Amino acid sequence: MREISYRQALNEAMEEEMQRDANVFLLGEEVAEYNGAYKVSQGLLEKFGPLRVLDTPISEAGFAGLAIGAAMAGLRPVVEFMTFSFSLVAFDQVVNNAPNMLTMSGGQFHIPIVFRGPNGPAHQLGATHSHATEPLYANAPGLKIATPATPRDAKGLLKTAIRDDNPVLVLESELLYNTSGTVEDPELELLIPLGKGEVKRSGTDVTLICYAQTVHMAMSAAEYMATQGISVEVLDLRSIKPLDLDLIFSSVSQTHRCVIAEQDRPFCGVGAEIAYRIQRELFDSLDAPVLRVAQEEVPMPYNEKLESAVLPSEEKILQAVTQVCYL
Amino acid sequence: MREISYRQALNEAMEEEMQRDANVFLLGEEVAEYNGAYKVSQGLLEKFGPLRVLDTPISEAGFAGLAIGAAMAGLRPVVEFMTFSFSLVAFDQVVNNAPNMLTMSGGQFHIPIVFRGPNGPAHQLGATHSHATEPLYANAPGLKIATPATPRDAKGLLKTAIRDDNPVLVLESELLYNTSGTVEDPELELLIPLGKGEVKRSGTDVTLICYAQTVHMAMSAAEYMATQGISVEVLDLRSIKPLDLDLIFSSVSQTHRCVIAEQDRPFCGVGAEIAYRIQRELFDSLDAPVLRVAQEEVPMPYNEKLESAVLPSEEKILQAVTQVCYL
Amino acid sequence: PVDELDLLYRMLLIRRFEERASQSYQQQKIGGFCHLYIGQEAVAVGAVAASRDDDYIITAYRDHGHAIARGTSLNACMAELYGKTTGCSRGLGGSMHYFDRANHMYGGHAIVGGHLPLATGLAFASKYRGEDRCTLCFFGDGAVNQGAFHEALNLAALWKLPVVFVCENNLFGMGTHVERAASVKELTNRAKGYDMPSMIFNGMDVRQVHDGLRTVLDAIRRRPHPYFVEARTYRYRGHSMSDPATYRTKEELEKNKEEDPIARLKSELLSEGKIDEAKFQEMDREARRLSTEAVRFAEESPEPALESLHDNTFVSGANS
Amino acid sequence: PVDELDLLYRMLLIRRFEERASQSYQQQKIGGFCHLYIGQEAVAVGAVAASRDDDYIITAYRDHGHAIARGTSLNACMAELYGKTTGCSRGLGGSMHYFDRANHMYGGHAIVGGHLPLATGLAFASKYRGEDRCTLCFFGDGAVNQGAFHEALNLAALWKLPVVFVCENNLFGMGTHVERAASVKELTNRAKGYDMPSMIFNGMDVRQVHDGLRTVLDAIRRRPHPYFVEARTYRYRGHSMSDPATYRTKEELEKNKEEDPIARLKSELLSEGKIDEAKFQEMDREARRLSTEAVRFAEESPEPALESLHDNTFVSGANS
Ligand SMILES: Cc1ncc(C[n+]2csc(CCOP(=O)(O)OP(=O)(O)O)c2C)c(N)n1
Ligand SMILES: Cc1ncc(C[n+]2csc(CCOP(=O)(O)OP(=O)(O)O)c2C)c(N)n1
Ligand SMILES: [Mg+2]
Ligand SMILES: [Mg+2]
């Protein structure tokens with residue numbers, strides 16, 4: 001084991017899979033000569049050359065579609081969106097072409113592709129640059145969505161995504177790129193299955209569901225609640241699709257209480273979906289309504305104070321946890 | 001009062017508002033000389049001329065953005081998407097430019113615009129042409145969304161939308177264009193407020209929430225349940241954003257049971273959002289979990305039998321209602 | 001040298017197939033949207049005949065002609081319209097979404113302009129693998145105004161991808177004349193925006209389409225690069241089965257029918273003594289027979305099983 | 001005749017303002033992304049000076065120069081970077097989203113290419129109302145590869161809208177050289193794809209930009225039509241504050257700085273005897289003073305109140 005950054009973990013995942021399979025290639029804006037706007041693809045151009053690591057024009061719909069076409073022909077593209085806010089100009093390609101091809105062709109064409117890049121609000125980037133796109137893509141049948149919160153998950157989920165024969169979105173986080181954590185040594189193949197969440201901390205009183213940017217605040221909220229005598233079980237979804245309902249249900253059926261900490265906008269968001277599933281499955285065993293902690297429902301303001309007021313926070317999570325415990 | 005079609009009602013709404021306000025204009029594919037792909041704009045070119053009724057190239061992002069720019073300059077565009085499945089190539093314009101402008105400009109630029117057209121599955125159009133986009137747009141703060149199910153609502157909601165100073169989506173339905181219903185005479189100004197649902201049928205045992213395409217199946221399901229001694233209250237949302245929570249809560253707090261019939265895909269869909277709100281607000285008064293009846297989670301198949309298996313139906317609604325009544 | 005009788009026969013197959021299909025559609029045995037290719041047969045047939053069997057073919061929703069030109073059986077094409085498991089897309093795609101992997105027909109795509117980026121991806125795969133397979137991408141005059149068209153052509157030119165963009169200019173995008181949609185006098189001017197070579201073909205002359213495309217494809221195989229082709233053609237029917245096409249005059253339609261690609265090649269071959277009327281009638285009878293047979297086949301074919309509903313959302317098992 | 005001293009002064013204002021802004025950014029008093037315009041001042045200043053006060057101005061995220069050229073106060077510009085209520089966008093937009101309705105500055109738009117359709121809408125409003133107001137739309141060399149660029153230029157040419165598309169070609173889109181992004185030898189070739197007239201300006205020569213744009217705008221006011229301008233310029237700083245710009249050599253940077261638009265106009269005016277060194281120093285001192293003052297103003301200005309968080313999602317009350 002060693003300590004590496006989330007950025008480094010993603011970089012290793014791509015390098016290992018490109019070593020392993022000559023059909024895997026990476027394309028996107030600034031991924032080659034610039035080594036990535038966030039340096040996630042550092043060194044890959046040098047290692048694999050300009051045919052397998054390609055700088056694209058600022059044409060998201062064009063290069064996303066190009067990658068889908070290449071996947072139809074049997075290649076395994078990894079598409080980097082500089083951020084998923086920019087994937088909105090490629091929205092039709094991602095939700096219409098990638099996930100529908102298998103059905104429309106009667107099973108003849110599957111699309112082994114990964115769309116990856118930072119997703120969700122970063123820091124003071126304003127309304128156009130702060131989109132948390134997971135609910136938009138989760139609504140489309142045929143897409144899988146991974147949301148790693150740690151370097152280990154980042155590496156293991158991205159490697160699995162690249163090997164998956166279906167379109168997979170790996171939603172990273174700009175704010176996590178510099179965080180570090182322990183990851184298996186490179187010799188050991190690290191594959192983390194899509195659709196399996198993880199118990200980050202076990203507890204008995206409340207289930208606290210989180211993913212990506214909300215995991216760290218959820219953990220410290222749980223720590224604090226422990227000092228208040230409340231035992232919080234923290235579940236990191238790791239994937240939003242497939243959703244690990246078994247894990248969610250088994251936890252909530254023990255704790256009878258649940259809070260969902262999500263980084264996206266609330267309306268038709270990830271929390272709504274999970275809450276629906278829980279109340280339907282565990283109606284009789286719930287001791288309190290499921291609560292979500294999400295963004296305030298406004299376009300993201302630039303001002304720092306207002307932005308943090310919009311975002312989920314440890315404080316807001318603590319409030320919700322306290323509320324479901326009727327304290 | 002008179003009987004007119006849903007199509008005619010929309011046409012009247014546009015004509016009346018264009019008569020009333022010279023800043024209102026209509027643009028979209030085939031809206032002028034062809035009188036609309038679904039003939040909703042019949043006769044408007046003749047009445048208002050080529051400067052106020054414009055045929056566009058097949059450039060959804062281009063003409064949606066053009067309309068938003070015109071709105072910044074004080075005009076009041078009505079944009080017809082031939083269907084909302086095609087709005088996906090204009091997604092960035094609709095979710096990034098229209099609703100964010102007011103915030104980003106610190107309140108200097110509001111965007112009085114209407115995006116309208118048929119939304120949701122029609123009949124055997126396949127995966128690319130059957131998108132129900134309401135949850136995708138509902139997630140974006142700053143957009144309002146109307147979903148008329150009757151000619152009267154179609155006219156009243158569209159007129160209100162055109163007068164609203166904010167971006168409003170009016171999601172129509174191809175399958176409803178030919179349906180007819182009673183509507184006030186043209187002399188009487190018909191304005192139906194956004195964000196106000198309607199009790200289509202009052203009942204005491206179960207609240208059945210529906211909108212757009214699901215309203216008619218909900219009504220007949222309610223009728224049938226009546227013959228089985230179950231009194232179903234049917235709520236037509238009419239708007240998805242703002243959502244009429246008062247109406248929903250007051251009804252469910254009486255019936256203690258709720259089923260949501262939605263035309264969209266379930267994951268992060270409209271039903272999930274409503275169910276979340278209900279269980280949070282009325283946790284103690286619910287006698288059964290909130291159930292949703294939505295599409296099966298697959299890309300839409302062309303085959304007719306499979307397509308109807310994917311869609312919500314009276315049968316599926318009946319099952320859900322029976323289930324929440326523990327019959 | 002191309003088998004010119006085969007060009008004629010394939011055009012007849014498309015024509016008779018679609019005449020049959022429109023009958024079945026009117027009998028409401030076919031659902032959804034149905035866009036007929038009648039009148040434009042020379043473009044698909046000439047271009048596909050000029051291509052190599054392993055070249056990639058991709059087109060828009062008006063796709064019957066391209067599939068048939070590529071060798072998809074009339075049975076599979078008709079069964080698809082009927083939504084049967086024996087259809088070329090197993091009944092899941094419908095008229096707008098024909099796919100035939102075995103014949104390298106990569107669809108059938110119904111979002112205008114949305115498949116042009118896919119075409120660059122197919123061409124990119126050839127470059128990536130060092131293969132000399134070309135990609136033929138068909139689309140209409142209305143598609144040249146979509147952002148995806150622009151991004152695809154720029155990428156293809158920038159990366160020197162072996163793809164031919166074949167714009168089938170039938171003068172109308174639905175009811176909108178090309179002059180009311182594209183700002184250019186000549187559609188080939190669009191290619192200038194990418195420093196991409198281009199050529200205009202008479203899309204009613206299958207020999208010209210074939211010979212021109214053959215030259216273009218040979219050049220591309222020698223030195224990979226994209227190419228833009230405008231094929232001037234005309235559709236006889238409405239945009240789709242539901243379009244009365246009142247936006248054009250009967251005279252205009254009749255005038256264009258005088259250019260009919262089948263009649264044209266037939267008379268040329270007759271005057272060149274390459275066929276006689278009897279031979280033509282025999283080919284036509286065969287095309288009609290196969291079309292009628294296709295209807296029977298489609299009607300007798302099974303529907304997909306309800307249990308299969310969830311079988312095509314994800315392909316199971318990761319590759320290795 | 002344009003006030004050439006004012007051209008010089010406005011360029012100085014932009015330069016000194018941004019030098020100050022970058023200091024504050026390094027002191028972490030400013031958040032988010034911050035893209036400096038230093039080096040490109042002649043384009044915004046020359047073009048805006050050629051425009052009429054009521055012409056519509058719209059640009060991308062590298063927008064400080066355009067706002068200042070349009071007359072937005074340095075105080076309002078600096079306060080915006082600080083996220084204060086006194087900012088030109090009330091502290092809600094930030095560096096990438098400057099708006100100033102009073103000065104007809106329509107933003108500040110951060111999705112590459114996404115504002116070109118908006119520009120056609122502003123121009124459409126002029127046509128709709130029969131006004132002779134023109135629209136000036138600024139964007140970078142990287143934006144010409146976006147679908148929105150294509151759809152906007154086609155619509156503008158098709159509908160003869162009074163808009164000038166000013167492409168500020170500073171050779172790079174982030175770290176990607178224009179030759180690795182756009183397939184054309186000359187960016188003006190893009191205009192040929194729409195039968196749109198175009199011209200290339202030296203974007204480091206404010207007089208050339210002004211005179212050229214003035215001619216273009218006069219022609220458009222006489223007969224509405226769109227026009228494409230490539231202004232060849234160079235940015236001295238990295239793409240944003242966080243970019244070390246290692247993709248270009250120090251030599252290249254220095255060579256380009258020799259073309260400095262401020263130095264150029266200054267020496268021209270000196271040799272023409274229109275100013276003397278003292279006058280220049282006075283202007284420069286004033287620009288520095290106002291920039292320093294702007295920092296103070298920004299730092300002392302109030303933050304938006306938390307209670308105002310939901311005030312700008314919807315504008316209340318329907319129009320009547
Ligand atoms: C993005 C998008 N917008 C609109 C449509 C609806 N539509 C289908 S075909 C068509 C006209 C296309 O005309 P053209 O490209 O000339 O092809 P043709 O039908 O003439 O073969 C339109 C507007 C669509 N399918 N996709
Ligand atoms: C659609 C979209 N994709 C990517 C980005 C990220 N991005 C911001 S600026 C930029 C480069 C733009 O270069 P150019 O158009 O030449 O303008 P310049 O920065 O040189 O002024 C990129 C890729 C974005 N903002 N929007
Ligand atoms: Mg056409
Ligand atoms: Mg640039």
# chains A, B, ... in the order shown; residues from 1 in each chain; ligands from 1
>>> residues_near_ligand(ligand="ligand 4", cutoff="10 Å", atoms="only C-alpha atoms and all ligand atoms", output="compact mmCIF listing (two decimals) with C-alpha atoms, in the first residue's frame")
# COMPACT_ATOMS: atom_id res chain seq x y z
CA ARG D 62 -12.16 37.07 -21.16
CA PHE D 139 -14.95 35.36 -29.20
CA GLY D 140 -11.68 33.47 -29.43
CA ASP D 141 -10.03 31.34 -32.06
CA GLY D 142 -11.02 28.23 -30.14
CA ALA D 143 -14.71 29.03 -30.43
CA CYS D 167 -12.74 36.50 -33.72
CA GLU D 168 -9.85 37.47 -31.48
CA ASN D 169 -7.19 35.12 -32.75
CA ASN D 170 -4.50 35.04 -30.07
CA LEU D 171 -3.19 31.78 -31.56
CA PHE D 172 -4.16 29.62 -28.61
CA GLY D 173 -7.23 28.04 -27.11
CA MET D 174 -5.84 27.32 -23.68
CA GLY D 175 -2.69 25.36 -24.60
CA THR D 176 -3.82 24.30 -28.04
CA HIS D 177 -2.47 26.21 -31.02
CA VAL D 178 -5.14 27.27 -33.49
CA ARG D 232 -4.80 38.84 -35.02
CA THR D 233 -3.61 39.43 -31.51
CA TYR D 234 -1.74 37.85 -28.63
CA ARG D 235 -2.28 37.38 -24.92
CA HIS D 239 -4.88 31.35 -20.43
>>> select_by_dssp(residues="region 142-295 of chain C", states="alpha helix (DSSP H)", output="ChimeraX atom specification")
/C:147-158,189-192,206-222,250-257,261-271,277-295
>>> interface_residues(of="chain A", to="chain D", cutoff="10 Å", atoms="only C-alpha atoms", output="JSON, numbers by chain")
{"A": [29, 30, 32, 33, 34, 35, 36, 37, 55, 56, 57, 58, 59, 60, 61, 62, 85, 86, 88, 89, 90, 122, 123, 124, 125, 126, 127, 128, 129, 296, 297, 298, 299, 300, 301, 302, 303, 304, 305, 306, 307, 309, 310]}
>>> interface_residues(of="chain C", to="chain D", cutoff="10 Å", atoms="only C-alpha atoms", output="NGL selection string")
:C and (144-160 or 179-196)
>>> closest_atom_pairs(of="chain A", to="ligand 1", cutoff="12 Å", atoms="only C-alpha atoms and all ligand atoms", output="Markdown table")
| residue | atom | partner | partner_atom_place_in_ligand_line | distance |
| --- | --- | --- | --- | --- |
| A:Phe91 | CA | ligand 1 | 1 (C) | 12.0 |
| A:Asp92 | CA | ligand 1 | 1 (C) | 8.9 |
| A:Gln93 | CA | ligand 1 | 1 (C) | 11.0 |
| A:Asn96 | CA | ligand 1 | 1 (C) | 11.0 |
>>> write_last_selection(atoms="N, CA, C and O atoms", output="CSV table (one decimal), in the first residue's frame")
chain,number,residue,atom,x,y,z
A,91,PHE,N,-24.8,16.9,-24.9
A,91,PHE,CA,-25.8,16.1,-24.2
A,91,PHE,C,-26.5,15.1,-25.1
A,91,PHE,O,-26.7,13.9,-24.7
A,92,ASP,N,-26.9,15.5,-26.3
A,92,ASP,CA,-27.6,14.6,-27.2
A,92,ASP,C,-26.7,13.3,-27.5
A,92,ASP,O,-27.2,12.2,-27.5
A,93,GLN,N,-25.4,13.5,-27.7
A,93,GLN,CA,-24.6,12.4,-28.0
A,93,GLN,C,-24.5,11.4,-26.9
A,93,GLN,O,-24.6,10.2,-27.0
A,96,ASN,N,-28.4,10.1,-26.1
A,96,ASN,CA,-29.2,9.6,-27.2
A,96,ASN,C,-28.4,8.5,-28.0
A,96,ASN,O,-28.9,7.5,-28.3
>>> closest_residue(among="C:Val164, C:Ala231, C:Met199, C:Ala21", to="ligand 3", atoms="only C-alpha atoms and all ligand atoms")
C:Ala231
>>> residues_around(residues="Met225 (chain A)", least_positions_apart="3", cutoff="12 Å", atoms="only C-alpha atoms", output="ChimeraX atom specification")
/A:203-206,208,218-222,228-234,314-315,317-322,325,327
>>> closest_residue(among="C:Met11, C:Tyr25, C:Glu230, C:Glu131", to="ligand 3", atoms="only C-alpha atoms and all ligand atoms")
C:Glu230
